[in-house]
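Reading through the C-alpha cells given below for one structure.
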Amino acid sequence: EVVMEYCYKASHEGTECLEVTEFVRVQDGEFEDLMDEFKASTIRQDAKVCDKRANPTAVCEEVTVNLCEECVDSKTTLDVIGMEGTAECPAEDSLAVKNCRECEIEVAIDCKTWDENNARFINDCSDGSQFSFVGVNECVEKIRLCYTVTNVGSTCATMDDLTTDGLTRTVTNGDLVATSDMSVDDAVICPNESVTKCEEQTVNSCSCMSVVVEIDAKNPADEGCDARATYGYCKEEESREAPPPTPGPTASPTAKKECTTTMNADIKCTVKDVNTGNPIFDNGVAVDCNDKDIVSKAGNCEVVMEYC
C-alpha cells in the first residue's frame with residue numbers, strides 16, 4: 001500500500017500579476033473545481049500569481065493505493081485560466097499514471113493412493129520420473145488428485161479478477177477420458193498464496209494414466225495469464241507378475257571338425273513267408289516289397305516285410 005500525491009501548480013513569468021479565475025482538475029473523465037483550494041494556497045488568498053511572490057503556488061491531494069490488489073491507470077488534466085486585464089491567459093497540463101503488476105501463476109498436480117491400513121491417502125501414485133505405480137490392490141486403485149494454483153506474481157486479486165473458475169483438467173486412463181471444469185471457492189489469491197482443489201477417482205493402475213490441468217487467470221487490469229501442468233504413470237499388468245526364471249549357464253560351443261571319410265546310408269525291404277520266415281524268391285531273385293505280384297508269388301495274402 002502506497003500514497004500517491006498529486007500536486008497541481010500555476011505559475012507566471014510576466015511582470016504583472018495574473019488573477020486566476022479557473023482552476024479545474026479532470027481525472028478519468030471526472031471534473032473537480034479546485035478554485036477555492038487554489039485561492040487559499042496563494043500568499044494573500046487573492047488567487048493571484050506574481051513573479052515577485054513565492055511562485056508557483058500549488059494544490060496537492062493524496063490517493064492511497066494498494067498495488068497488490070489494484071491497478072493504477074489514470075489520466076489527469078489541469079485547466080487554468082489567468083486574467084491579464086480583460087485578456088484570458090489559458091494553460092493546460094496532463095499526466096498519465098499507469099502501474100499494474102503482471103499476472104503470473106503456477107499450477108501443480110499431486111497424486112496419492114488410498115492406504116487401507118491407515119484409512120487415508122498416503123502413498124504417491126508414481127515413483128520418481130519412471131511413473132512406476134506402487135499401489136497394492138491389484139489393478140484397481142482409489143486415488144486422490146489435487147491441483148494447487150499458486151500466485152507467483154506480485155499482485156493479488158479477488159476471484160472476480162483472478163478467475164480460477166478456468167481450472168480445467170483432463171484425465172486419460174486406458175479407454176477412459178474425463179474432462180471437467182473445476183471451481184475454486186477461495187476469494188483472494190495474493191502473492192505467494194495458493195488454493196488447492198482435490199478430487200477422488202478409481203482408476204486402473206495396470207493401464208497408463210495421464211493428467212493435464214490448465215488454468216486461466218486475470219489481474220485487475222483484465223490482463224490474462226495461464227499455467228499448465230502434466231502428470232502421469234505407466235505400469236502394464238504383466239509387470240505385476242513374478243519375474244521369469246533366470247536361465248542356467250550355456251555350454252561353450254566346441255570347434256567343428258571336418259570329416260575325412262565317406263558315409264553311406266541304405267534301406268532295404270525284403271518279403272518273407274509268414275509261416276516259415278524264409279525269403280520269397282522269384283526266378284532266383286528275392287521279391288521286393290514294391291513288387292505288384294507279391295500275393296501270387298507268395299501264394300498268400302499275408303506276408304512279412306523285413307526292413308533293414
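Going through the C-alpha cells in order, the chains are called A, B, and so on, while each chain numbers its residues from 1 and the ligands are numbered from 1 in the order shown.
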Which residues are close to segment 196-198 of chain A, i.e. within 7 Å by only C-alpha atoms, leaving aside same-chain residues fewer than 5 positions away? Reply as a compact mmCIF listing (two decimals) with C-alpha atoms, in the first residue's frame.
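Heads up, here's the output in result-v2.txt:
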# COMPACT_ATOMS: atom_id res chain seq x y z
CA ARG A 144 -6.83 -38.58 -4.96
CA LEU A 145 -5.71 -35.92 -7.43
CA CYS A 146 -5.01 -32.44 -6.07
CA TYR A 147 -4.42 -29.35 -8.21
CA THR A 148 -2.64 -26.46 -6.49
CA VAL A 149 -2.70 -22.99 -8.05
CA VAL A 184 -12.22 -22.94 -6.56
- What is the distance between atom CA of Gln201 of chain A and atom CA of Glu214 of chain A, in Å to one decimal?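 These two atoms are separated by 18.8 Å.
With only C-alpha atoms as the atoms that count, the minimum distance from Lys218 of chain A to the choices A:Cys234, A:Cys100, A:Val274, A:Met83 is reached by A:Cys100.
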- Query: Which residue, A:Lys142, A:Lys297, A:Arg25, A:Lys272, has the smallest gap to Val80 of chain A when you use only C-alpha atoms?
  - Reply: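 Closest to Val80 of chain A, using only C-alpha atoms: A:Arg25.
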- Which one is closest to Gln27 of chain A: A:Val285, A:Ile280, A:Ala96, A:Ala10? Count only C-alpha atoms.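 Ranked by minimum distance to Gln27 of chain A, first place goes to A:Ala96.
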